[in-house]
file final.pdb (PDB, N, CA and C atoms)
ATOM      1  N   MET A 971     -13.709  35.135  38.447
ATOM      2  CA  MET A 971     -12.289  35.108  38.631
ATOM      3  C   MET A 971     -11.995  34.293  39.877
ATOM      4  N   PRO A 972     -11.114  33.283  39.766
ATOM      5  CA  PRO A 972     -10.822  32.456  40.921
ATOM      6  C   PRO A 972     -10.123  33.276  41.991
ATOM      7  N   ASP A 973     -10.447  32.962  43.250
ATOM      8  CA  ASP A 973      -9.835  33.665  44.361
ATOM      9  C   ASP A 973      -8.971  32.685  45.136
ATOM     10  N   GLN A 974      -8.067  32.025  44.419
ATOM     11  CA  GLN A 974      -7.209  31.036  45.031
ATOM     12  C   GLN A 974      -5.816  31.612  45.187
ATOM     13  N   PRO A 975      -5.155  31.306  46.308
ATOM     14  CA  PRO A 975      -3.791  31.797  46.467
ATOM     15  C   PRO A 975      -2.864  31.115  45.471
ATOM     16  N   ILE A 976      -1.790  31.783  45.146
ATOM     17  CA  ILE A 976      -0.799  31.220  44.238
ATOM     18  C   ILE A 976      -0.099  30.067  44.939
ATOM     19  N   GLU A 977       0.005  28.962  44.238
ATOM     20  CA  GLU A 977       0.708  27.813  44.780
ATOM     21  C   GLU A 977       2.207  28.074  44.718
ATOM     22  N   PRO A 978       2.938  27.672  45.757
ATOM     23  CA  PRO A 978       4.380  27.860  45.725
ATOM     24  C   PRO A 978       5.012  27.008  44.637
ATOM     25  N   PRO A 979       6.165  27.422  44.118
ATOM     26  CA  PRO A 979       6.856  26.606  43.113
ATOM     27  C   PRO A 979       7.132  25.212  43.666
ATOM     28  N   SER A 980       7.289  24.258  42.773
ATOM     29  CA  SER A 980       7.427  22.861  43.184
ATOM     30  C   SER A 980       8.652  22.603  44.054
ATOM     31  N   ASP A 981       9.678  23.452  43.976
ATOM     32  CA  ASP A 981      10.882  23.230  44.782
ATOM     33  C   ASP A 981      10.880  24.048  46.075
ATOM     34  N   SER A 982       9.757  24.690  46.436
ATOM     35  CA  SER A 982       9.665  25.476  47.665
ATOM     36  C   SER A 982       9.424  24.565  48.859
ATOM     37  N   PRO A 983       9.833  25.028  50.049
ATOM     38  CA  PRO A 983       9.529  24.245  51.249
ATOM     39  C   PRO A 983       8.019  24.126  51.424
ATOM     40  N   PRO A 984       7.534  22.979  51.887
ATOM     41  CA  PRO A 984       6.081  22.787  52.030
ATOM     42  C   PRO A 984       5.478  23.740  53.050
ATOM     43  N   GLY A 985       4.247  24.196  52.742
ATOM     44  CA  GLY A 985       3.503  25.034  53.671
ATOM     45  C   GLY A 985       3.907  26.496  53.691
ATOM     46  N   ARG A 986       4.774  26.918  52.823
ATOM     47  CA  ARG A 986       5.235  28.309  52.839
ATOM     48  C   ARG A 986       5.269  28.876  51.425
ATOM     49  N   THR A 987       4.529  29.956  51.203
ATOM     50  CA  THR A 987       4.580  30.643  49.922
ATOM     51  C   THR A 987       5.585  31.782  50.056
ATOM     52  N   PRO A 988       6.601  31.808  49.207
ATOM     53  CA  PRO A 988       7.595  32.874  49.308
ATOM     54  C   PRO A 988       7.003  34.225  48.903
ATOM     55  N   ARG A 989       7.576  35.298  49.440
ATOM     56  CA  ARG A 989       7.114  36.638  49.077
ATOM     57  C   ARG A 989       7.487  36.965  47.641
ATOM     58  N   PHE A 990       8.680  36.565  47.225
ATOM     59  CA  PHE A 990       9.166  36.855  45.879
ATOM     60  C   PHE A 990       9.363  35.573  45.094
ATOM     61  N   LEU A 991       9.056  35.656  43.800
ATOM     62  CA  LEU A 991       9.190  34.522  42.892
ATOM     63  C   LEU A 991      10.188  34.873  41.793
ATOM     64  N   THR A 992      10.920  33.884  41.316
ATOM     65  CA  THR A 992      11.785  34.090  40.153
ATOM     66  C   THR A 992      10.905  34.111  38.908
ATOM     67  N   LEU A 993      11.477  34.549  37.799
ATOM     68  CA  LEU A 993      10.720  34.535  36.545
ATOM     69  C   LEU A 993      10.377  33.098  36.151
ATOM     70  N   THR A 994      11.257  32.175  36.473
ATOM     71  CA  THR A 994      10.985  30.760  36.196
ATOM     72  C   THR A 994       9.802  30.270  37.020
ATOM     73  N   ASP A 995       9.750  30.686  38.296
ATOM     74  CA  ASP A 995       8.611  30.328  39.148
ATOM     75  C   ASP A 995       7.305  30.874  38.567
ATOM     76  N   VAL A 996       7.342  32.139  38.146
ATOM     77  CA  VAL A 996       6.145  32.768  37.578
ATOM     78  C   VAL A 996       5.730  32.041  36.301
ATOM     79  N   ALA A 997       6.709  31.690  35.472
ATOM     80  CA  ALA A 997       6.412  30.962  34.236
ATOM     81  C   ALA A 997       5.738  29.626  34.541
ATOM     82  N   GLU A 998       6.200  28.945  35.584
ATOM     83  CA  GLU A 998       5.597  27.666  35.973
ATOM     84  C   GLU A 998       4.153  27.872  36.435
ATOM     85  N   ILE A 999       3.925  28.912  37.233
ATOM     86  CA  ILE A 999       2.581  29.186  37.742
ATOM     87  C   ILE A 999       1.631  29.538  36.602
ATOM     88  N   LEU A1000       2.100  30.356  35.650
ATOM     89  CA  LEU A1000       1.258  30.780  34.528
ATOM     90  C   LEU A1000       1.258  29.780  33.371
ATOM     91  N   ASN A1001       2.039  28.715  33.509
ATOM     92  CA  ASN A1001       2.142  27.702  32.461
ATOM     93  C   ASN A1001       2.567  28.327  31.130
ATOM     94  N   THR A1002       3.642  29.094  31.198
ATOM     95  CA  THR A1002       4.193  29.740  30.011
ATOM     96  C   THR A1002       5.713  29.676  30.104
ATOM     97  N   SER A1003       6.407  30.346  29.213
ATOM     98  CA  SER A1003       7.872  30.304  29.212
ATOM     99  C   SER A1003       8.462  31.455  30.026
ATOM    100  N   SER A1004       9.694  31.258  30.466
ATOM    101  CA  SER A1004      10.412  32.325  31.163
ATOM    102  C   SER A1004      10.598  33.531  30.240
ATOM    103  N   ALA A1005      10.797  33.287  28.957
ATOM    104  CA  ALA A1005      10.955  34.383  27.992
ATOM    105  C   ALA A1005       9.681  35.219  27.914
ATOM    106  N   GLN A1006       8.526  34.570  27.963
ATOM    107  CA  GLN A1006       7.261  35.306  27.934
ATOM    108  C   GLN A1006       7.103  36.146  29.194
ATOM    109  N   VAL A1007       7.469  35.591  30.346
ATOM    110  CA  VAL A1007       7.383  36.336  31.601
ATOM    111  C   VAL A1007       8.340  37.524  31.565
ATOM    112  N   TYR A1008       9.550  37.311  31.068
ATOM    113  CA  TYR A1008      10.522  38.396  30.940
ATOM    114  C   TYR A1008       9.956  39.510  30.054
ATOM    115  N   ALA A1009       9.305  39.142  28.967
ATOM    116  CA  ALA A1009       8.687  40.138  28.076
ATOM    117  C   ALA A1009       7.583  40.903  28.812
ATOM    118  N   LEU A1010       6.794  40.223  29.624
ATOM    119  CA  LEU A1010       5.752  40.896  30.408
ATOM    120  C   LEU A1010       6.369  41.920  31.358
ATOM    121  N   VAL A1011       7.493  41.551  31.973
ATOM    122  CA  VAL A1011       8.187  42.457  32.887
ATOM    123  C   VAL A1011       8.749  43.648  32.122
ATOM    124  N   ARG A1012       9.411  43.393  31.016
ATOM    125  CA  ARG A1012      10.037  44.477  30.244
ATOM    126  C   ARG A1012       9.013  45.432  29.639
ATOM    127  N   ARG A1013       7.817  44.930  29.326
ATOM    128  CA  ARG A1013       6.744  45.790  28.806
ATOM    129  C   ARG A1013       5.977  46.480  29.929
ATOM    130  N   ARG A1014       6.377  46.185  31.170
ATOM    131  CA  ARG A1014       5.745  46.730  32.370
ATOM    132  C   ARG A1014       4.312  46.249  32.561
ATOM    133  N   ASP A1015       3.984  45.117  31.978
ATOM    134  CA  ASP A1015       2.680  44.505  32.223
ATOM    135  C   ASP A1015       2.671  43.807  33.580
ATOM    136  N   LEU A1016       3.822  43.278  33.970
ATOM    137  CA  LEU A1016       3.994  42.585  35.242
ATOM    138  C   LEU A1016       5.111  43.278  36.003
ATOM    139  N   LYS A1017       4.773  43.816  37.165
ATOM    140  CA  LYS A1017       5.734  44.573  37.954
ATOM    141  C   LYS A1017       6.728  43.621  38.624
ATOM    142  N   ALA A1018       8.017  43.962  38.526
ATOM    143  CA  ALA A1018       9.074  43.135  39.105
ATOM    144  C   ALA A1018      10.214  44.037  39.567
ATOM    145  N   ILE A1019      11.121  43.442  40.326
ATOM    146  CA  ILE A1019      12.318  44.168  40.741
ATOM    147  C   ILE A1019      13.543  43.412  40.234
ATOM    148  N   LYS A1020      14.613  44.172  39.989
ATOM    149  CA  LYS A1020      15.868  43.570  39.555
ATOM    150  C   LYS A1020      16.822  43.623  40.736
ATOM    151  N   ILE A1021      17.394  42.492  41.074
ATOM    152  CA  ILE A1021      18.273  42.396  42.227
ATOM    153  C   ILE A1021      19.703  42.195  41.737
ATOM    154  N   GLY A1022      20.596  43.031  42.242
ATOM    155  CA  GLY A1022      22.010  42.876  41.917
ATOM    156  C   GLY A1022      22.321  43.241  40.482
ATOM    157  N   GLY A1023      23.574  43.065  40.133
ATOM    158  CA  GLY A1023      24.044  43.451  38.806
ATOM    159  C   GLY A1023      23.958  42.366  37.773
ATOM    160  N   ARG A1024      23.570  41.173  38.178
ATOM    161  CA  ARG A1024      23.543  40.065  37.222
ATOM    162  C   ARG A1024      22.185  39.858  36.584
ATOM    163  N   GLY A1025      21.271  40.772  36.826
ATOM    164  CA  GLY A1025      19.975  40.680  36.168
ATOM    165  C   GLY A1025      19.048  39.641  36.740
ATOM    166  N   GLN A1026      19.068  39.464  38.044
ATOM    167  CA  GLN A1026      18.150  38.531  38.664
ATOM    168  C   GLN A1026      16.848  39.259  38.986
ATOM    169  N   TRP A1027      15.781  38.831  38.336
ATOM    170  CA  TRP A1027      14.474  39.460  38.497
ATOM    171  C   TRP A1027      13.648  38.695  39.515
ATOM    172  N   ARG A1028      12.841  39.439  40.272
ATOM    173  CA  ARG A1028      11.916  38.834  41.230
ATOM    174  C   ARG A1028      10.556  39.516  41.109
ATOM    175  N   VAL A1029       9.518  38.713  41.222
ATOM    176  CA  VAL A1029       8.143  39.202  41.161
ATOM    177  C   VAL A1029       7.501  38.921  42.509
ATOM    178  N   GLU A1030       6.975  39.966  43.124
ATOM    179  CA  GLU A1030       6.293  39.782  44.398
ATOM    180  C   GLU A1030       4.981  39.040  44.147
ATOM    181  N   THR A1031       4.661  38.120  45.032
ATOM    182  CA  THR A1031       3.455  37.306  44.884
ATOM    183  C   THR A1031       2.212  38.180  44.714
ATOM    184  N   SER A1032       2.129  39.270  45.480
ATOM    185  CA  SER A1032       0.960  40.154  45.384
ATOM    186  C   SER A1032       0.883  40.824  44.002
ATOM    187  N   GLU A1033       2.038  41.109  43.393
ATOM    188  CA  GLU A1033       2.045  41.698  42.046
ATOM    189  C   GLU A1033       1.563  40.690  41.009
ATOM    190  N   LEU A1034       1.930  39.431  41.197
ATOM    191  CA  LEU A1034       1.454  38.394  40.282
ATOM    192  C   LEU A1034      -0.058  38.232  40.408
ATOM    193  N   GLU A1035      -0.556  38.249  41.651
ATOM    194  CA  GLU A1035      -2.010  38.165  41.863
ATOM    195  C   GLU A1035      -2.723  39.344  41.194
ATOM    196  N   ALA A1036      -2.165  40.551  41.333
ATOM    197  CA  ALA A1036      -2.766  41.739  40.720
ATOM    198  C   ALA A1036      -2.742  41.628  39.195
ATOM    199  N   PHE A1037      -1.650  41.118  38.643
ATOM    200  CA  PHE A1037      -1.534  40.924  37.193
ATOM    201  C   PHE A1037      -2.614  39.961  36.708
ATOM    202  N   ILE A1038      -2.772  38.853  37.412
ATOM    203  CA  ILE A1038      -3.781  37.865  37.019
ATOM    204  C   ILE A1038      -5.176  38.490  37.055
ATOM    205  N   ALA A1039      -5.467  39.271  38.086
ATOM    206  CA  ALA A1039      -6.778  39.935  38.176
ATOM    207  C   ALA A1039      -6.982  40.891  37.000
ATOM    208  N   ARG A1040      -5.930  41.647  36.642
ATOM    209  CA  ARG A1040      -6.033  42.564  35.484
ATOM    210  C   ARG A1040      -6.273  41.794  34.195
ATOM    211  N   MET A1041      -5.660  40.641  34.055
ATOM    212  CA  MET A1041      -5.845  39.847  32.839
ATOM    213  C   MET A1041      -7.268  39.289  32.751
ATOM    214  N   TYR A1042      -7.847  38.928  33.899
ATOM    215  CA  TYR A1042      -9.258  38.514  33.889
ATOM    216  C   TYR A1042     -10.146  39.677  33.460
ATOM    217  N   ASP A1043      -9.884  40.870  33.982
ATOM    218  CA  ASP A1043     -10.679  42.047  33.600
ATOM    219  C   ASP A1043     -10.524  42.348  32.116
ATOM    220  N   ALA A1044      -9.277  42.295  31.620
ATOM    221  CA  ALA A1044      -9.025  42.556  30.199
ATOM    222  C   ALA A1044      -9.711  41.516  29.317
ATOM    223  N   THR A1045      -9.731  40.280  29.782
ATOM    224  CA  THR A1045     -10.397  39.222  29.024
ATOM    225  C   THR A1045     -11.903  39.452  28.971
ATOM    226  N   ASP A1046     -12.485  39.892  30.090
ATOM    227  CA  ASP A1046     -13.915  40.209  30.102
ATOM    228  C   ASP A1046     -14.247  41.307  29.090
ATOM    229  N   VAL A1047     -13.414  42.341  29.040
ATOM    230  CA  VAL A1047     -13.624  43.435  28.086
ATOM    231  C   VAL A1047     -13.513  42.906  26.657
ATOM    232  N   PHE A1048     -12.497  42.090  26.391
ATOM    233  CA  PHE A1048     -12.313  41.530  25.050
ATOM    234  C   PHE A1048     -13.531  40.711  24.634
ATOM    235  N   ILE A1049     -14.007  39.874  25.541
ATOM    236  CA  ILE A1049     -15.160  39.024  25.213
ATOM    237  C   ILE A1049     -16.406  39.878  24.961
ATOM    238  N   ASP A1050     -16.580  40.927  25.760
ATOM    239  CA  ASP A1050     -17.725  41.821  25.553
ATOM    240  C   ASP A1050     -17.646  42.509  24.189
ATOM    241  N   GLU A1051     -16.434  42.883  23.782
ATOM    242  CA  GLU A1051     -16.251  43.588  22.509
ATOM    243  C   GLU A1051     -16.217  42.647  21.309
ATOM    244  N   HIS A1052     -15.972  41.366  21.539
ATOM    245  CA  HIS A1052     -15.879  40.385  20.461
ATOM    246  C   HIS A1052     -16.720  39.164  20.810
ATOM    247  N   PRO A1053     -18.043  39.308  20.776
ATOM    248  CA  PRO A1053     -18.898  38.175  21.163
ATOM    249  C   PRO A1053     -18.706  36.992  20.219
ATOM    250  N   PHE A1054     -18.835  35.815  20.776
ATOM    251  CA  PHE A1054     -18.718  34.596  19.991
ATOM    252  C   PHE A1054     -19.948  34.439  19.126
ATOM    253  N   GLU A1055     -19.719  34.201  17.863
ATOM    254  CA  GLU A1055     -20.829  33.975  16.939
ATOM    255  C   GLU A1055     -20.700  32.561  16.394
ATOM    256  N   ASP A1056     -21.728  31.788  16.623
ATOM    257  CA  ASP A1056     -21.745  30.410  16.171
ATOM    258  C   ASP A1056     -21.924  30.386  14.656
ATOM    259  N   PRO A1057     -20.973  29.799  13.932
ATOM    260  CA  PRO A1057     -21.097  29.770  12.461
ATOM    261  C   PRO A1057     -22.289  28.957  11.974
ATOM    262  N   ASP A1058     -22.868  28.127  12.840
ATOM    263  CA  ASP A1058     -24.027  27.330  12.453
ATOM    264  C   ASP A1058     -25.330  28.114  12.543
ATOM    265  N   ASP A1059     -25.291  29.309  13.155
ATOM    266  CA  ASP A1059     -26.504  30.118  13.260
ATOM    267  C   ASP A1059     -26.898  30.614  11.867
ATOM    268  N   LYS A1060     -28.139  30.280  11.468
ATOM    269  CA  LYS A1060     -28.611  30.717  10.160
ATOM    270  C   LYS A1060     -29.244  32.088  10.237
ATOM    271  N   ASP A1061     -29.908  32.380  11.353
ATOM    272  CA  ASP A1061     -30.577  33.663  11.525
ATOM    273  C   ASP A1061     -30.256  34.199  12.918
ATOM    274  N   PRO A1062     -29.151  34.949  13.037
ATOM    275  CA  PRO A1062     -28.757  35.437  14.361
ATOM    276  C   PRO A1062     -29.799  36.357  14.987
ATOM    277  N   ALA A1063     -30.691  36.933  14.195
ATOM    278  CA  ALA A1063     -31.728  37.817  14.738
ATOM    279  C   ALA A1063     -32.823  37.018  15.422
ATOM    280  N   ALA A1064     -32.904  35.722  15.168
ATOM    281  CA  ALA A1064     -33.971  34.898  15.715
ATOM    282  C   ALA A1064     -33.584  34.316  17.068
ATOM    283  N   LYS A1065     -33.124  35.168  17.975
ATOM    284  CA  LYS A1065     -32.768  34.740  19.325
ATOM    285  C   LYS A1065     -33.423  35.679  20.317
ATOM    286  N   ASP A1066     -33.793  35.135  21.473
ATOM    287  CA  ASP A1066     -34.365  35.977  22.508
ATOM    288  C   ASP A1066     -33.246  36.665  23.291
ATOM    289  N   ALA A1067     -33.604  37.421  24.315
ATOM    290  CA  ALA A1067     -32.627  38.184  25.084
ATOM    291  C   ALA A1067     -31.622  37.284  25.788
ATOM    292  N   ALA A1068     -31.997  36.059  26.105
ATOM    293  CA  ALA A1068     -31.095  35.133  26.774
ATOM    294  C   ALA A1068     -30.215  34.386  25.781
ATOM    295  N   GLY A1069     -30.393  34.653  24.492
ATOM    296  CA  GLY A1069     -29.578  34.009  23.479
ATOM    297  C   GLY A1069     -30.125  32.685  22.985
ATOM    298  N   LYS A1070     -31.309  32.318  23.449
ATOM    299  CA  LYS A1070     -31.910  31.066  22.998
ATOM    300  C   LYS A1070     -32.614  31.299  21.668
ATOM    301  N   GLU A1071     -32.516  30.286  20.824
ATOM    302  CA  GLU A1071     -33.114  30.395  19.500
ATOM    303  C   GLU A1071     -34.629  30.450  19.600
ATOM    304  N   ILE A1072     -35.231  31.333  18.799
ATOM    305  CA  ILE A1072     -36.685  31.487  18.749
ATOM    306  C   ILE A1072     -37.186  30.686  17.561
ATOM    307  N   GLU A1073     -38.239  29.932  17.808
ATOM    308  CA  GLU A1073     -38.848  29.166  16.736
ATOM    309  C   GLU A1073     -39.421  30.130  15.711
ATOM    310  N   THR A1074     -39.094  29.930  14.455
ATOM    311  CA  THR A1074     -39.662  30.774  13.400
ATOM    312  C   THR A1074     -40.483  29.898  12.470
ATOM    313  N   ASP A1075     -41.513  30.480  11.919
ATOM    314  CA  ASP A1075     -42.382  29.766  11.004
ATOM    315  C   ASP A1075     -41.957  30.122   9.582
ATOM    316  N   ASP A1076     -41.307  29.163   8.902
ATOM    317  CA  ASP A1076     -40.794  29.394   7.553
ATOM    318  C   ASP A1076     -41.830  29.047   6.491
ATOM    319  N   ARG A1077     -43.082  28.772   6.877
ATOM    320  CA  ARG A1077     -44.104  28.360   5.908
ATOM    321  C   ARG A1077     -44.758  29.537   5.212
ATOM    322  N   VAL A1078     -44.419  30.746   5.530
ATOM    323  CA  VAL A1078     -45.109  31.922   4.983
ATOM    324  C   VAL A1078     -44.791  32.121   3.536
TER     325      VAL A1078
END
call {"tool": "encode", "arguments": {"input": "final.pdb", "output": "structure tokens"}}
result
Amino acid sequence: MPDQPIEPPSDSPPGRTPRFLTLTDVAEILNTSSAQVYALVRRRDLKAIKIGGRGQWRVETSELEAFIARMYDATDVFIDEHPFEDPDDKDPAAKDAAGKEIETDDRV
């Protein structure tokens, strides 16, 4: 899991990462849509606060970092539970513990 700080949105002052990000900022960082980020917030997958009565949402940078870390952990679990199987493998049992193919003698 990368341990890189979140880059500030492109319209932020240089050299300063804001404490709170808009949903649009989060969408830009995650390379997704604002609607997807809003859905993450509404499902409580991504913790956010609502400011004022007009529905302005803000995500604290530390909450976004925590969300990203949880998604890496969830992805690791998914990969462990759903290992990739190469469709070209003719005999999946003919592999050693490291996953390398074992030479088999088909002349028998």
call {"tool": "residues_around", "arguments": {"input": "final.pdb", "residues": "Ala997 (chain A)", "least_positions_apart": "6", "cutoff": "6.5 Å", "atoms": "only N, CA and C atoms", "output": "list in words"}}
result
Ser1003, Ser1004 and Val1007 of chain A
call {"tool": "write_last_selection", "arguments": {"input": "final.pdb", "atoms": "N, CA and C atoms", "output": "PDB file, in the frame of the given file"}}
result
ATOM      1  N   SER A1003       6.407  30.346  29.213  1.00  0.00           N
ATOM      2  CA  SER A1003       7.872  30.304  29.212  1.00  0.00           C
ATOM      3  C   SER A1003       8.462  31.455  30.026  1.00  0.00           C
ATOM      4  N   SER A1004       9.694  31.258  30.466  1.00  0.00           N
ATOM      5  CA  SER A1004      10.412  32.325  31.163  1.00  0.00           C
ATOM      6  C   SER A1004      10.598  33.531  30.240  1.00  0.00           C
ATOM      7  N   VAL A1007       7.469  35.591  30.346  1.00  0.00           N
ATOM      8  CA  VAL A1007       7.383  36.336  31.601  1.00  0.00           C
ATOM      9  C   VAL A1007       8.340  37.524  31.565  1.00  0.00           C
TER      10      VAL A1007
END
call {"tool": "atom_distance", "arguments": {"input": "final.pdb", "atom1": "CA of Ala1005 (chain A)", "atom2": "CA of Met1041 (chain A)"}}
result
18.3 Å
call {"tool": "atom_distance", "arguments": {"input": "final.pdb", "atom1": "atom N of Arg1028 (chain A)", "atom2": "atom C of Asn1001 (chain A)"}}
result
17.7 Å
call {"tool": "residues_around", "arguments": {"input": "final.pdb", "residues": "Val1029 (chain A)", "least_positions_apart": "5", "cutoff": "6.5 Å", "atoms": "only N, CA and C atoms", "output": "JSON, numbers by chain"}}
result
{"A": [989, 990, 991, 992, 993, 1017, 1018, 1019, 1034]}
call {"tool": "atom_distance", "arguments": {"input": "final.pdb", "atom1": "CA of Phe1054 (chain A)", "atom2": "CA of Leu1000 (chain A)"}}
result
25.0 Å
